[in-house]
Amino acid sequence: MATRALHASKVAAAPTLTLMSRRTATLPYSMARTLVRPLTTHSLHHTRTTTAATTSMVSQRRLLSSSTSGGNGSKDLTRATALVYSEYGRPTEVLKVLKHTLAPPGEDAVQVQFLAAPINPADINQVEGVYPLKPPMTTHLYSSSSSSTTANPPVAVGGNEGVAQVTKVGSRASTHFKVGDWVVMGCAGLGTWRSHGNFLAKDLTKVRSVEKMTEGGDSSSLDVIQLATLTVNPCTAYRMLRDFRDLSPGDYVIQNGANSGVGEAVIQLAKPLGVKTINIIRNRPGHEQVAERLKKLGATHIMTDDQLGKLETKELVKSWSQGHEVKLAFNCVGGKPTTEMARLLSKNGHLITYGAMSRQPLILPASLQIFKNVHASGFWLSAWNDNHSAAERQEMIDKVVEVMKKGQFEEVECTRNQWNTTATTDVGVLQERLLDAVGRATGGGHGKQVFLME
């Protein structure tokens with residue numbers, strides 16, 4: 001990823017920096033970090049930056065932030081906090097709250113105040129250093145006059161998803177955004193676990209227009225959490241339903257991990273299309289309650305994973321579909337259960353893999369490919385975003401928001417964790433609260449965790 005999301009506060013006087021850490025011991029991640037760290041990344045104990053990398057950082061800093069603090073001096077600066085990491089490891093130990101200041105945005109950039117940002121599994125993997133997309137660690141959050149990289153190690157801001165309100169607009173960005181607009185990230189790796197940030201206008205997508213808000217229109221009826229969790233799971237479901245087979249009312253899709261964020265989004269986005277869903281969940285204590293929730297969301301049929309591979313299950317699916325095709329299968333599990341799910345596809349069906357929670361290999365029998373012409377593809381929304389224009393991303397967001405505005409998409413069940421954004425915030429207290437939320441998200445079993453900026 002380019003260094004477009006991490007930026008500088010280029011001001012006359014160095015701002016006050018507070019960097020808190022919960023780390024108390026060296027983690028057993030050193031070898032892994034050495035293998036996966038980008039060339040421009042620095043550790044706390046070793047710094048080495050090439051001239052080319054330094055030039056790139058300075059250039060990006062100028063794009064995101066104005067070159068001077070303006071005639072009002074420090075009054076033009078925005079006091080901000082961010083949850084950052086300077087090395088890979090256990091999130092609750094490597095993440096720190098960084099208190100810093102932001103200069104006004106550059107000509108092509110906007111400054112935003114975040115309203116909410118979720119903690120997703122991919123965010124945790126990113127901090128651990130095991131996710132394919134790794135934002136570069138830079139010194140953009142520090143003052144340009146603070147030259148010691150030992151005291152101020154390069155950092156990356158955590159988080160990939162969230163909703164924010166525009167507070168300042170660069171001169172050339174004003175054709176796209178106005179103060180008061182609500183935006184989401186147009187691509188991954190920009191860093192959303194922060195109170196404020198400067199971003200290039202081209203990397204943001206509008207979800208709420210200030211003009212329409214005053215008229216009571218646009219997405220004003222939607223909860224902030226719905227918009228904060230819009231760009232990953234719902235958009236993944238939206239693309240998979242549209243990009244692989246033409247679906248008609250009455251057609252079926254089958255999916256495992258049906259109670260995942262993407263699975264629930266598939267159910268809700270398929271229903272307005274008249275597309276029916278067969279939903280596979282794990283047979284474990286409490287699965288009846290899970291099934292009940294999925295039915296309320298609009299699930300057509302539900303089965304447990306231990307039913308896969310049985311002859312009676314194949315007959316059951318035939319009785320459900322009543323001659324309609326099972327055109328698509330969505331897989332986020334892998335292993336033998338996915339092989340058995342693929343057997344339930346109709347001729348010319350398409351298996352799409354977007355996750356691999358079991359970490360087991362996916363095996364697709366030759367008979368399915370030869371005699372049923374079953375196809376298999378992978379899908380990663382980050383790659384789709386990189387290969388499509390801002391206009392196409394905007395269209396996708398608008399379509400999903402439209403479903404939400406009609407009341408056809410339930411709010412995400414989550415725990416809201418307060419992020420105090422006032423300038424007088426005690427950094428130590430804030431860090432403890434935020435890392436407690438990260439710990440719950442990492443440990444599992446606590447439901448979805450969302451930062452709510454107030």
# chains A, B, ... in the order shown; residues from 1 in each chain; ligands from 1
$ closest_atom_pairs --of "stretch 76-113 of chain A" --to "stretch 169-187 of chain A" --cutoff "6 Å" --atoms "only C-alpha atoms" --output "JSON lines"
{"residue": "A:Pro105", "atom": "CA", "partner": "A:Gly170", "partner_atom": "CA", "distance": 5.7}
{"residue": "A:Gly106", "atom": "CA", "partner": "A:Gly170", "partner_atom": "CA", "distance": 5.4}
{"residue": "A:Glu107", "atom": "CA", "partner": "A:Gly170", "partner_atom": "CA", "distance": 4.1}
{"residue": "A:Asp108", "atom": "CA", "partner": "A:Ala173", "partner_atom": "CA", "distance": 4.9}
{"residue": "A:Ala109", "atom": "CA", "partner": "A:Gly170", "partner_atom": "CA", "distance": 5.3}
{"residue": "A:Val110", "atom": "CA", "partner": "A:Val169", "partner_atom": "CA", "distance": 4.5}
$ closest_residue --among "A:Val290, A:Ile278, A:Leu115, A:Ala383" --to "A:Ser260" --atoms "only C-alpha atoms"
A:Val290
$ residues_around --residues "stretch 367-373 of chain A" --least-positions-apart "6" --cutoff "10 Å" --atoms "only C-alpha atoms" --output "list in words"
Thr339, Ala342, Arg343, Leu345, Ser346, Lys347, Asn348, Gly349 and His350 of chain A
$ residues_around --residues "A:Leu435" --least-positions-apart "6" --cutoff "9 Å" --atoms "only C-alpha atoms" --output "ChimeraX atom specification"
/A:91-93,95-96
$ write_last_selection --atoms "N, CA and C atoms" --output "PDB file, in the first residue's frame"
ATOM      1  N   PRO A  91      -1.697  -7.829  19.799  1.00  0.00           N
ATOM      2  CA  PRO A  91      -2.275  -6.481  19.746  1.00  0.00           C
ATOM      3  C   PRO A  91      -2.334  -5.767  21.083  1.00  0.00           C
ATOM      4  N   THR A  92      -2.685  -6.471  22.156  1.00  0.00           N
ATOM      5  CA  THR A  92      -2.806  -5.811  23.452  1.00  0.00           C
ATOM      6  C   THR A  92      -1.463  -5.393  24.027  1.00  0.00           C
ATOM      7  N   GLU A  93      -0.374  -5.838  23.415  1.00  0.00           N
ATOM      8  CA  GLU A  93       0.953  -5.497  23.919  1.00  0.00           C
ATOM      9  C   GLU A  93       1.722  -4.550  23.018  1.00  0.00           C
ATOM     10  N   LEU A  95       0.115  -2.367  20.707  1.00  0.00           N
ATOM     11  CA  LEU A  95      -0.663  -1.167  20.411  1.00  0.00           C
ATOM     12  C   LEU A  95      -0.478  -0.130  21.505  1.00  0.00           C
ATOM     13  N   LYS A  96      -0.387   1.138  21.097  1.00  0.00           N
ATOM     14  CA  LYS A  96      -0.183   2.246  22.020  1.00  0.00           C
ATOM     15  C   LYS A  96      -1.053   3.410  21.578  1.00  0.00           C
TER      16      LYS A  96
END
$ closest_residue --among "A:Ala201, A:Ala164, A:Cys332, A:Met137" --to "A:Ala390" --atoms "only C-alpha atoms"
A:Ala201
$ residues_around --residues "A:Gly439" --least-positions-apart "5" --cutoff "12 Å" --atoms "only C-alpha atoms" --output "short mmCIF file (atom, residue, chain, number, x, y, z; two decimals) with N, CA and C atoms, in the first residue's frame"
data_model
loop_
_atom_site.label_atom_id
_atom_site.label_comp_id
_atom_site.auth_asym_id
_atom_site.auth_seq_id
_atom_site.Cartn_x
_atom_site.Cartn_y
_atom_site.Cartn_z
N ARG A 90 1.42 -9.29 19.60
CA ARG A 90 0.12 -9.40 20.23
C ARG A 90 -0.50 -8.00 20.33
N PRO A 91 -1.70 -7.83 19.80
CA PRO A 91 -2.28 -6.48 19.75
C PRO A 91 -2.33 -5.77 21.08
N THR A 92 -2.69 -6.47 22.16
CA THR A 92 -2.81 -5.81 23.45
C THR A 92 -1.46 -5.39 24.03
N GLU A 93 -0.37 -5.84 23.42
CA GLU A 93 0.95 -5.50 23.92
C GLU A 93 1.72 -4.55 23.02
N VAL A 94 1.43 -4.55 21.71
CA VAL A 94 2.18 -3.66 20.83
C VAL A 94 1.41 -2.38 20.48
N LEU A 95 0.11 -2.37 20.71
CA LEU A 95 -0.66 -1.17 20.41
C LEU A 95 -0.48 -0.13 21.50
N ILE A 119 -13.57 -3.20 15.31
CA ILE A 119 -12.38 -4.04 15.39
C ILE A 119 -12.71 -5.34 14.68
N PRO A 121 -11.58 -9.03 12.57
CA PRO A 121 -10.52 -10.04 12.63
C PRO A 121 -9.31 -9.68 11.77
N ILE A 124 -6.95 -7.33 13.55
CA ILE A 124 -6.11 -8.02 14.53
C ILE A 124 -4.95 -8.73 13.83
N GLN A 431 -5.94 4.61 26.85
CA GLN A 431 -5.29 3.42 26.32
C GLN A 431 -5.80 2.15 27.00
N GLU A 432 -5.96 2.20 28.30
CA GLU A 432 -6.44 1.02 29.02
C GLU A 432 -7.83 0.61 28.52
N ARG A 433 -8.70 1.60 28.30
CA ARG A 433 -10.06 1.32 27.82
C ARG A 433 -10.04 0.73 26.42
N LEU A 434 -9.22 1.32 25.53
CA LEU A 434 -9.18 0.84 24.15
C LEU A 434 -8.58 -0.56 24.05
N GLY A 444 -12.17 -13.46 21.43
CA GLY A 444 -13.37 -14.09 20.90
C GLY A 444 -14.38 -14.39 21.99
N GLY A 445 -15.61 -14.66 21.56
CA GLY A 445 -16.66 -14.99 22.50
C GLY A 445 -17.32 -13.79 23.15
N HIS A 446 -16.93 -12.58 22.75
CA HIS A 446 -17.48 -11.37 23.34
C HIS A 446 -18.29 -10.55 22.34
N GLY A 447 -18.48 -11.07 21.14
CA GLY A 447 -19.22 -10.34 20.12
C GLY A 447 -18.36 -9.25 19.49
N LYS A 448 -18.94 -8.55 18.55
CA LYS A 448 -18.23 -7.51 17.81
C LYS A 448 -17.97 -6.31 18.72
N GLN A 449 -16.77 -5.77 18.63
CA GLN A 449 -16.37 -4.59 19.39
C GLN A 449 -16.21 -3.41 18.44
#
$ closest_residue --among "A:Asn331, A:Asn120, A:Glu264, A:Asn259" --to "A:His287" --atoms "only C-alpha atoms"
A:Asn259
$ residues_around --residues "A:Asn256" --least-positions-apart "5" --cutoff "10 Å" --atoms "only C-alpha atoms" --output "list in words"
Gly263, Ile278, Asn279, Ile280, Ile281, Arg282, Met303, Thr304, Asp305, Ala329, Phe330, Asn331, Cys332, Val333, Gly334, Pro337, Thr338 and Met341 of chain A
$ write_last_selection --atoms "N, CA, C and O atoms" --output "tab-separated table (two decimals), in the first residue's frame"
chain	number	residue	atom	x	y	z
A	263	GLY	N	-21.84	-13.56	6.23
A	263	GLY	CA	-22.98	-14.46	6.07
A	263	GLY	C	-24.30	-13.77	6.34
A	263	GLY	O	-25.27	-13.93	5.57
A	278	ILE	N	-29.51	-20.97	1.60
A	278	ILE	CA	-29.34	-22.15	2.44
A	278	ILE	C	-28.12	-21.86	3.32
A	278	ILE	O	-27.02	-21.62	2.81
A	279	ASN	N	-28.32	-21.87	4.62
A	279	ASN	CA	-27.32	-21.36	5.54
A	279	ASN	C	-26.82	-22.45	6.48
A	279	ASN	O	-27.60	-23.08	7.19
A	280	ILE	N	-25.51	-22.65	6.48
A	280	ILE	CA	-24.88	-23.70	7.28
A	280	ILE	C	-24.22	-23.07	8.50
A	280	ILE	O	-23.43	-22.12	8.38
A	281	ILE	N	-24.56	-23.59	9.68
A	281	ILE	CA	-23.94	-23.13	10.93
A	281	ILE	C	-23.36	-24.32	11.67
A	281	ILE	O	-23.69	-25.48	11.37
A	282	ARG	N	-22.50	-24.06	12.63
A	282	ARG	CA	-21.88	-25.14	13.40
A	282	ARG	C	-22.87	-25.71	14.40
A	282	ARG	O	-23.65	-24.99	15.01
A	303	MET	N	-29.19	-25.28	8.10
A	303	MET	CA	-28.76	-26.64	8.48
A	303	MET	C	-27.46	-26.53	9.26
A	303	MET	O	-26.78	-25.50	9.23
A	304	THR	N	-27.13	-27.58	9.97
A	304	THR	CA	-25.87	-27.61	10.71
A	304	THR	C	-24.81	-28.36	9.90
A	304	THR	O	-25.13	-29.17	9.03
A	305	ASP	N	-23.57	-28.09	10.23
A	305	ASP	CA	-22.46	-28.63	9.43
A	305	ASP	C	-22.37	-30.14	9.48
A	305	ASP	O	-21.85	-30.78	8.55
A	329	ALA	N	-22.06	-20.84	-4.11
A	329	ALA	CA	-21.70	-21.31	-2.77
A	329	ALA	C	-20.63	-20.39	-2.23
A	329	ALA	O	-19.61	-20.16	-2.90
A	330	PHE	N	-20.84	-19.84	-1.04
A	330	PHE	CA	-19.88	-18.93	-0.42
A	330	PHE	C	-19.18	-19.64	0.73
A	330	PHE	O	-19.83	-20.14	1.65
A	331	ASN	N	-17.86	-19.65	0.68
A	331	ASN	CA	-17.06	-20.42	1.63
A	331	ASN	C	-16.12	-19.53	2.43
A	331	ASN	O	-15.32	-18.78	1.87
A	332	CYS	N	-16.22	-19.63	3.76
A	332	CYS	CA	-15.25	-18.95	4.62
A	332	CYS	C	-14.64	-19.92	5.62
A	332	CYS	O	-14.01	-19.50	6.59
A	333	VAL	N	-14.82	-21.23	5.38
A	333	VAL	CA	-14.37	-22.25	6.33
A	333	VAL	C	-13.24	-23.10	5.77
A	333	VAL	O	-12.16	-23.20	6.34
A	334	GLY	N	-13.49	-23.75	4.62
A	334	GLY	CA	-12.49	-24.64	4.04
A	334	GLY	C	-12.63	-26.06	4.55
A	334	GLY	O	-13.54	-26.40	5.32
A	337	PRO	N	-15.85	-30.03	5.00
A	337	PRO	CA	-17.23	-29.52	4.95
A	337	PRO	C	-17.50	-28.65	3.72
A	337	PRO	O	-18.62	-28.67	3.19
A	338	THR	N	-16.50	-27.93	3.27
A	338	THR	CA	-16.69	-27.10	2.07
A	338	THR	C	-16.79	-27.97	0.83
A	338	THR	O	-17.56	-27.66	-0.10
A	341	MET	N	-20.26	-29.12	0.79
A	341	MET	CA	-21.16	-28.04	0.39
A	341	MET	C	-21.13	-27.85	-1.12
A	341	MET	O	-22.17	-27.64	-1.75
$ atom_distance --atom1 "atom CA of A:Cys235" --atom2 "atom CA of A:Ile397"
7.3 Å
$ residues_around --residues "A:Asn160" --least-positions-apart "2" --cutoff "6 Å" --atoms "only C-alpha atoms" --output "JSON, numbers by chain"
{"A": [188, 189, 191, 192]}
$ write_last_selection --atoms "N, CA, C and O atoms" --output "compact mmCIF listing (two decimals), in the first residue's frame"
# COMPACT_ATOMS: atom_id res chain seq x y z
N ALA A 188 -8.47 -0.28 1.88
CA ALA A 188 -7.96 -0.76 3.16
C ALA A 188 -6.59 -0.16 3.45
O ALA A 188 -5.92 0.38 2.58
N GLY A 189 -6.18 -0.26 4.71
CA GLY A 189 -4.83 0.15 5.09
C GLY A 189 -4.67 1.61 5.42
O GLY A 189 -3.55 2.09 5.60
N GLY A 191 -5.99 3.22 8.12
CA GLY A 191 -5.89 3.45 9.55
C GLY A 191 -7.08 4.22 10.09
O GLY A 191 -7.16 5.44 9.92
N THR A 192 -7.99 3.53 10.76
CA THR A 192 -9.23 4.16 11.23
C THR A 192 -9.33 4.23 12.75
O THR A 192 -10.26 4.84 13.26
$ select_by_dssp --residues "stretch 192-345 of chain A" --states "strand (DSSP E)" --output "MDAnalysis selection string"
chainID A and resid 196:200 204:208 252:255 276:281 301:304 326:331
$ atom_distance --atom1 "atom CA of A:Leu102" --atom2 "atom CA of A:His140"
9.9 Å
$ atom_distance --atom1 "atom CA of A:Gly159" --atom2 "atom CA of A:Asp223"
19.8 Å
$ select_by_dssp --residues "stretch 246-405 of chain A" --states "helix (DSSP H, G or I)" --output "PyMOL selection string"
chain A and resi 261-273+287-297+305-307+311-321+335-342+366-371+381-386+390-405
$ closest_residue --among "A:Ile254, A:Val224, A:Val232, A:Ile352" --to "A:Val163" --atoms "only C-alpha atoms"
A:Val224
